[in-house]
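Working notes for the structure below.
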Amino acid sequence: MLGRRYRITAVVLLAVVLAFTACTEDTPGGSTQETRSLLDTVKSRGTLNCGVNNAVPGFGIVDPQGGYAGFDIEFCRVVAAAVLGDATKVTFKALTAEQRFTALQSREIDVLIRNTTWTATRDGNEGAGFVATTFYDGQGMMVRSNTDFNSIDDMDGARICVLRGTTTELNLESQFSQRNIDYTPRSFATVDEIRAAFTAGQCQGWTSDKSQLAGIRSAWPAASGGPQALRILEDTLSKEPLGPVVRDGDTDWFDAVRWAVLATILAEELEITKANVDQIRGSSTGEVRRLLGAPIAPPSPTASPTGASPTATATPAPFDPGLDLPDDWAYQIIKQVGNYAEIYNRTVGPSTPLGLARGVNALWTNGGLLYAPPYR
């Protein structure tokens, strides 16, 4: 009887060991990233792999010097500054709309920041987690200025260019069907392909997020008439909340990326900028002090019971929210990249070629939708 019990126990123990080994063994690439948070993996690697666009002016573009620039690109740098303390530690990977979720799930990238709309299907079927909305947008329609189109209701029988593998395709079909407007969709894999088709007259309308259309219009070549050759119609066909995306199932990484984004919004609300962050960090109180990683309360001298000269108390520790980020993570974001307003204004704001007013992307205190939870 004892021998049989021993054999059963041995079999059970062996099964547990094998199961544990299977869960912790290296992936085919030789890493154990499946068994630890991506936050630890990125820290260990020393660089952030960020999936981006490379063809939308203002949001994700390769500049003449070969560097990446734009609103979404800046948020890749925000995450790198928070996690690694260095906003330059980013490897950008340009992805098409059709490639982006595959790249995320196959771990080619750590985070997707590529004008991607938050939808229920993507939350449920793509194994994706949308951490926060960085830009509230809506789908629009761009036409040539010399056409008679003043609304999509005027576009019966028109050929419409659209990017394949996007919510834009679905919205186009839904809106035109609801309005009983006949049209011919022309879908393409990349923005460059649409641009070529539109320039060649293969499409009479180009539909996409209004922010993207504004960026494309702002960079329209002079040889084709420049920006004034194009008009964006007033119609808004959808809601398009855009923001960073991570893989489901990793709470530590999700929280780190989310709070990196939220820190830029909090910084604007608290009036912390690249220019004043050092001064504010040394004199702040309350939420500002917690956000910037300063000691919870400044040390104050205490009198000695023997009447000797006062001695300084030990410096208290900074606030620890349990995010497993460096104490100065938010300070590094603001110092190296800036607050939300600074990012917006230098990439897509009124003084840029896109000329986008803040609108719904203003702080909640200014009538917009941007709102960050308290940091406490």
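Labels used: A, B, ... for chains in the order of the structure tokens, numbers from 1 for residues in each chain, and numbers from 1 for ligands as shown.
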Which residues are close to stretch 355-362 of chain A, i.e. within 9 Å by only C-alpha atoms, leaving aside same-chain residues fewer than 6 positions away? Reply as a list in words.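 The neighbour list is Thr134, Phe135, Tyr136, Asp137, Ser211, Ala214, Ser218, Ala341, Tyr344, Asn345, Val348, Gly349, Gly368, Leu369 and Leu370 of chain A.
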With N, CA, C and O atoms retained, write the just-selected residues as a PDB file, in the first residue's frame.
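Result file out.pdb:
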```
ATOM      1  N   THR A 134      -5.543  59.630 -26.183  1.00  0.00           N
ATOM      2  CA  THR A 134      -4.669  60.794 -26.310  1.00  0.00           C
ATOM      3  C   THR A 134      -5.228  61.822 -27.281  1.00  0.00           C
ATOM      4  O   THR A 134      -4.855  62.998 -27.221  1.00  0.00           O
ATOM      5  N   PHE A 135      -6.128  61.378 -28.186  1.00  0.00           N
ATOM      6  CA  PHE A 135      -6.678  62.318 -29.162  1.00  0.00           C
ATOM      7  C   PHE A 135      -8.095  61.883 -29.535  1.00  0.00           C
ATOM      8  O   PHE A 135      -8.308  60.768 -30.016  1.00  0.00           O
ATOM      9  N   TYR A 136      -9.051  62.771 -29.294  1.00  0.00           N
ATOM     10  CA  TYR A 136     -10.443  62.516 -29.664  1.00  0.00           C
ATOM     11  C   TYR A 136     -10.676  63.051 -31.076  1.00  0.00           C
ATOM     12  O   TYR A 136     -10.464  64.237 -31.342  1.00  0.00           O
ATOM     13  N   ASP A 137     -11.097  62.159 -31.960  1.00  0.00           N
ATOM     14  CA  ASP A 137     -11.194  62.508 -33.364  1.00  0.00           C
ATOM     15  C   ASP A 137     -12.530  62.042 -33.920  1.00  0.00           C
ATOM     16  O   ASP A 137     -13.362  61.466 -33.195  1.00  0.00           O
ATOM     17  N   SER A 211      -8.224  64.397 -38.346  1.00  0.00           N
ATOM     18  CA  SER A 211      -6.865  64.841 -38.025  1.00  0.00           C
ATOM     19  C   SER A 211      -5.871  64.370 -39.089  1.00  0.00           C
ATOM     20  O   SER A 211      -4.964  65.110 -39.474  1.00  0.00           O
ATOM     21  N   ALA A 214      -6.330  66.398 -42.216  1.00  0.00           N
ATOM     22  CA  ALA A 214      -5.716  67.718 -42.047  1.00  0.00           C
ATOM     23  C   ALA A 214      -4.207  67.639 -42.242  1.00  0.00           C
ATOM     24  O   ALA A 214      -3.595  68.531 -42.855  1.00  0.00           O
ATOM     25  N   SER A 218      -2.179  69.399 -45.267  1.00  0.00           N
ATOM     26  CA  SER A 218      -1.143  70.392 -44.955  1.00  0.00           C
ATOM     27  C   SER A 218       0.143  70.154 -45.741  1.00  0.00           C
ATOM     28  O   SER A 218       0.905  71.088 -45.988  1.00  0.00           O
ATOM     29  N   ALA A 341      -0.188  69.878 -23.458  1.00  0.00           N
ATOM     30  CA  ALA A 341      -0.333  71.083 -24.284  1.00  0.00           C
ATOM     31  C   ALA A 341       0.922  71.330 -25.115  1.00  0.00           C
ATOM     32  O   ALA A 341       0.836  71.708 -26.294  1.00  0.00           O
ATOM     33  N   TYR A 344       0.975  68.767 -27.959  1.00  0.00           N
ATOM     34  CA  TYR A 344      -0.072  69.089 -28.934  1.00  0.00           C
ATOM     35  C   TYR A 344       0.327  70.303 -29.772  1.00  0.00           C
ATOM     36  O   TYR A 344       0.247  70.279 -31.012  1.00  0.00           O
ATOM     37  N   ASN A 345       0.742  71.367 -29.107  1.00  0.00           N
ATOM     38  CA  ASN A 345       1.001  72.622 -29.810  1.00  0.00           C
ATOM     39  C   ASN A 345       2.165  72.534 -30.785  1.00  0.00           C
ATOM     40  O   ASN A 345       2.138  73.176 -31.841  1.00  0.00           O
ATOM     41  N   VAL A 348       0.615  69.428 -33.764  1.00  0.00           N
ATOM     42  CA  VAL A 348      -0.619  69.550 -34.553  1.00  0.00           C
ATOM     43  C   VAL A 348      -1.392  70.827 -34.260  1.00  0.00           C
ATOM     44  O   VAL A 348      -2.441  71.064 -34.853  1.00  0.00           O
ATOM     45  N   GLY A 349      -0.906  71.652 -33.343  1.00  0.00           N
ATOM     46  CA  GLY A 349      -1.660  72.793 -32.866  1.00  0.00           C
ATOM     47  C   GLY A 349      -1.814  73.939 -33.850  1.00  0.00           C
ATOM     48  O   GLY A 349      -1.371  73.859 -35.009  1.00  0.00           O
ATOM     49  N   GLY A 368     -13.097  70.692 -22.557  1.00  0.00           N
ATOM     50  CA  GLY A 368     -12.727  69.536 -23.356  1.00  0.00           C
ATOM     51  C   GLY A 368     -12.987  68.220 -22.641  1.00  0.00           C
ATOM     52  O   GLY A 368     -13.644  68.175 -21.599  1.00  0.00           O
ATOM     53  N   LEU A 369     -12.437  67.140 -23.201  1.00  0.00           N
ATOM     54  CA  LEU A 369     -12.665  65.799 -22.668  1.00  0.00           C
ATOM     55  C   LEU A 369     -11.475  65.230 -21.902  1.00  0.00           C
ATOM     56  O   LEU A 369     -11.575  64.144 -21.326  1.00  0.00           O
ATOM     57  N   LEU A 370     -10.350  65.928 -21.895  1.00  0.00           N
ATOM     58  CA  LEU A 370      -9.158  65.393 -21.235  1.00  0.00           C
ATOM     59  C   LEU A 370      -9.285  65.505 -19.719  1.00  0.00           C
ATOM     60  O   LEU A 370      -9.455  66.600 -19.174  1.00  0.00           O
TER      61      LEU A 370
END
```
Using DSSP on the backbone coordinates, identify the residues of stretch 47-294 of chain A assigned to strand (DSSP E); present them as a PyMOL selection string. chain A and resi 48-52+55-56+60-62+68-69+90-94+111-112+128-130+135-137+139-144+158-163+183-188+205-209+230-232+240-242+245-247
Among stretch 211-262 of chain A, which ones does DSSP place in alpha helix (DSSP H), written as a ChimeraX atom specification? /A:211-218,251-262
Restricting it to all heavy atoms, dump the selection as a short mmCIF file (atom, residue, chain, number, x, y, z; two decimals), in the first residue's frame.
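The result, written out as selection.cif:
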```
data_model
loop_
_atom_site.label_atom_id
_atom_site.label_comp_id
_atom_site.auth_asym_id
_atom_site.auth_seq_id
_atom_site.Cartn_x
_atom_site.Cartn_y
_atom_site.Cartn_z
N SER A 211 -8.22 64.40 -38.35
CA SER A 211 -6.87 64.84 -38.02
C SER A 211 -5.87 64.37 -39.09
O SER A 211 -4.96 65.11 -39.47
CB SER A 211 -6.45 64.31 -36.65
OG SER A 211 -6.44 62.88 -36.65
N GLN A 212 -6.05 63.13 -39.56
CA GLN A 212 -5.16 62.62 -40.60
C GLN A 212 -5.36 63.37 -41.91
O GLN A 212 -4.39 63.70 -42.61
CB GLN A 212 -5.41 61.13 -40.82
CG GLN A 212 -5.02 60.25 -39.64
CD GLN A 212 -5.21 58.79 -39.96
OE1 GLN A 212 -4.78 58.31 -41.00
NE2 GLN A 212 -5.86 58.07 -39.05
N LEU A 213 -6.62 63.64 -42.23
CA LEU A 213 -6.89 64.38 -43.47
C LEU A 213 -6.27 65.78 -43.40
O LEU A 213 -5.72 66.28 -44.38
CB LEU A 213 -8.40 64.49 -43.70
CG LEU A 213 -9.13 63.17 -43.97
CD1 LEU A 213 -10.63 63.41 -44.12
CD2 LEU A 213 -8.58 62.46 -45.21
N ALA A 214 -6.33 66.40 -42.22
CA ALA A 214 -5.72 67.72 -42.05
C ALA A 214 -4.21 67.64 -42.24
O ALA A 214 -3.59 68.53 -42.85
CB ALA A 214 -6.04 68.28 -40.66
N GLY A 215 -3.60 66.57 -41.73
CA GLY A 215 -2.17 66.40 -41.91
C GLY A 215 -1.79 66.18 -43.36
O GLY A 215 -0.82 66.77 -43.86
N ILE A 216 -2.55 65.34 -44.04
CA ILE A 216 -2.28 65.06 -45.45
C ILE A 216 -2.48 66.33 -46.28
O ILE A 216 -1.66 66.66 -47.15
CB ILE A 216 -3.20 63.92 -45.93
CG1 ILE A 216 -2.79 62.61 -45.25
CG2 ILE A 216 -3.14 63.79 -47.45
CD1 ILE A 216 -3.84 61.54 -45.28
N ARG A 217 -3.55 67.05 -46.00
CA ARG A 217 -3.81 68.30 -46.72
C ARG A 217 -2.69 69.30 -46.51
O ARG A 217 -2.26 70.00 -47.44
CB ARG A 217 -5.15 68.89 -46.25
CG ARG A 217 -5.53 70.20 -46.93
CD ARG A 217 -6.85 70.74 -46.38
NE ARG A 217 -7.22 71.99 -47.05
CZ ARG A 217 -6.77 73.18 -46.69
NH1 ARG A 217 -5.95 73.30 -45.66
NH2 ARG A 217 -7.15 74.26 -47.37
N SER A 218 -2.18 69.40 -45.27
CA SER A 218 -1.14 70.39 -44.95
C SER A 218 0.14 70.15 -45.74
O SER A 218 0.91 71.09 -45.99
CB SER A 218 -0.83 70.36 -43.45
OG SER A 218 -0.11 69.19 -43.09
N THR A 251 -0.90 43.49 -16.42
CA THR A 251 -1.39 44.66 -15.69
C THR A 251 -0.28 45.66 -15.40
O THR A 251 -0.49 46.87 -15.48
CB THR A 251 -2.05 44.22 -14.37
OG1 THR A 251 -3.13 43.33 -14.67
CG2 THR A 251 -2.59 45.41 -13.61
N ASP A 252 0.90 45.17 -15.05
CA ASP A 252 2.00 46.08 -14.71
C ASP A 252 2.36 46.98 -15.89
O ASP A 252 2.56 48.19 -15.73
CB ASP A 252 3.23 45.29 -14.27
CG ASP A 252 3.03 44.61 -12.93
OD1 ASP A 252 2.07 44.97 -12.22
OD2 ASP A 252 3.83 43.71 -12.59
N TRP A 253 2.45 46.38 -17.07
CA TRP A 253 2.81 47.17 -18.26
C TRP A 253 1.67 48.11 -18.64
O TRP A 253 1.90 49.27 -18.97
CB TRP A 253 3.16 46.23 -19.41
CG TRP A 253 3.57 46.92 -20.68
CD1 TRP A 253 2.97 46.82 -21.89
CD2 TRP A 253 4.68 47.81 -20.86
NE1 TRP A 253 3.62 47.60 -22.82
CE2 TRP A 253 4.68 48.20 -22.22
CE3 TRP A 253 5.67 48.30 -20.01
CZ2 TRP A 253 5.62 49.08 -22.75
CZ3 TRP A 253 6.62 49.18 -20.52
CH2 TRP A 253 6.59 49.56 -21.87
N PHE A 254 0.46 47.61 -18.58
CA PHE A 254 -0.71 48.43 -18.87
C PHE A 254 -0.72 49.68 -17.98
O PHE A 254 -0.90 50.80 -18.45
CB PHE A 254 -1.98 47.61 -18.65
CG PHE A 254 -3.27 48.33 -18.93
CD1 PHE A 254 -3.91 48.20 -20.15
CD2 PHE A 254 -3.85 49.15 -17.97
CE1 PHE A 254 -5.11 48.86 -20.41
CE2 PHE A 254 -5.05 49.82 -18.22
CZ PHE A 254 -5.67 49.68 -19.45
N ASP A 255 -0.53 49.48 -16.67
CA ASP A 255 -0.56 50.60 -15.73
C ASP A 255 0.57 51.59 -16.00
O ASP A 255 0.36 52.82 -15.92
CB ASP A 255 -0.46 50.09 -14.30
CG ASP A 255 -1.73 49.39 -13.83
OD1 ASP A 255 -2.77 49.54 -14.49
OD2 ASP A 255 -1.67 48.69 -12.79
N ALA A 256 1.76 51.08 -16.31
CA ALA A 256 2.89 51.96 -16.55
C ALA A 256 2.65 52.86 -17.76
O ALA A 256 2.89 54.08 -17.73
CB ALA A 256 4.17 51.14 -16.75
N VAL A 257 2.15 52.27 -18.85
CA VAL A 257 1.90 53.06 -20.06
C VAL A 257 0.75 54.03 -19.83
O VAL A 257 0.80 55.20 -20.25
CB VAL A 257 1.60 52.13 -21.26
CG1 VAL A 257 1.25 52.95 -22.50
CG2 VAL A 257 2.80 51.23 -21.56
N ARG A 258 -0.30 53.57 -19.17
CA ARG A 258 -1.45 54.45 -18.91
C ARG A 258 -1.05 55.67 -18.09
O ARG A 258 -1.39 56.80 -18.44
CB ARG A 258 -2.57 53.69 -18.20
CG ARG A 258 -3.73 54.60 -17.81
CD ARG A 258 -4.96 53.84 -17.37
NE ARG A 258 -4.71 52.97 -16.23
CZ ARG A 258 -5.65 52.17 -15.71
NH1 ARG A 258 -6.85 52.10 -16.25
NH2 ARG A 258 -5.37 51.42 -14.67
N TRP A 259 -0.29 55.45 -17.02
CA TRP A 259 0.06 56.59 -16.18
C TRP A 259 1.10 57.49 -16.82
O TRP A 259 1.15 58.69 -16.52
CB TRP A 259 0.47 56.12 -14.78
CG TRP A 259 -0.75 55.90 -13.95
CD1 TRP A 259 -1.41 54.72 -13.72
CD2 TRP A 259 -1.53 56.91 -13.30
NE1 TRP A 259 -2.53 54.93 -12.96
CE2 TRP A 259 -2.63 56.26 -12.67
CE3 TRP A 259 -1.40 58.29 -13.17
CZ2 TRP A 259 -3.58 56.97 -11.95
CZ3 TRP A 259 -2.35 58.99 -12.44
CH2 TRP A 259 -3.42 58.34 -11.84
N ALA A 260 1.90 56.95 -17.72
CA ALA A 260 2.80 57.81 -18.48
C ALA A 260 2.00 58.81 -19.30
O ALA A 260 2.32 60.01 -19.35
CB ALA A 260 3.70 56.97 -19.38
N VAL A 261 0.94 58.33 -19.95
CA VAL A 261 0.06 59.22 -20.72
C VAL A 261 -0.65 60.21 -19.80
O VAL A 261 -0.68 61.42 -20.05
CB VAL A 261 -0.98 58.40 -21.51
CG1 VAL A 261 -2.04 59.32 -22.13
CG2 VAL A 261 -0.29 57.58 -22.59
N LEU A 262 -1.22 59.70 -18.71
CA LEU A 262 -1.97 60.56 -17.80
C LEU A 262 -1.10 61.64 -17.18
O LEU A 262 -1.59 62.75 -16.88
CB LEU A 262 -2.61 59.71 -16.69
CG LEU A 262 -3.72 58.74 -17.13
CD1 LEU A 262 -4.18 57.89 -15.95
CD2 LEU A 262 -4.90 59.49 -17.73
#
```
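Between atom CA of A:Thr207 and atom CA of A:Gly140 the interatomic distance comes to 5.7 Å.
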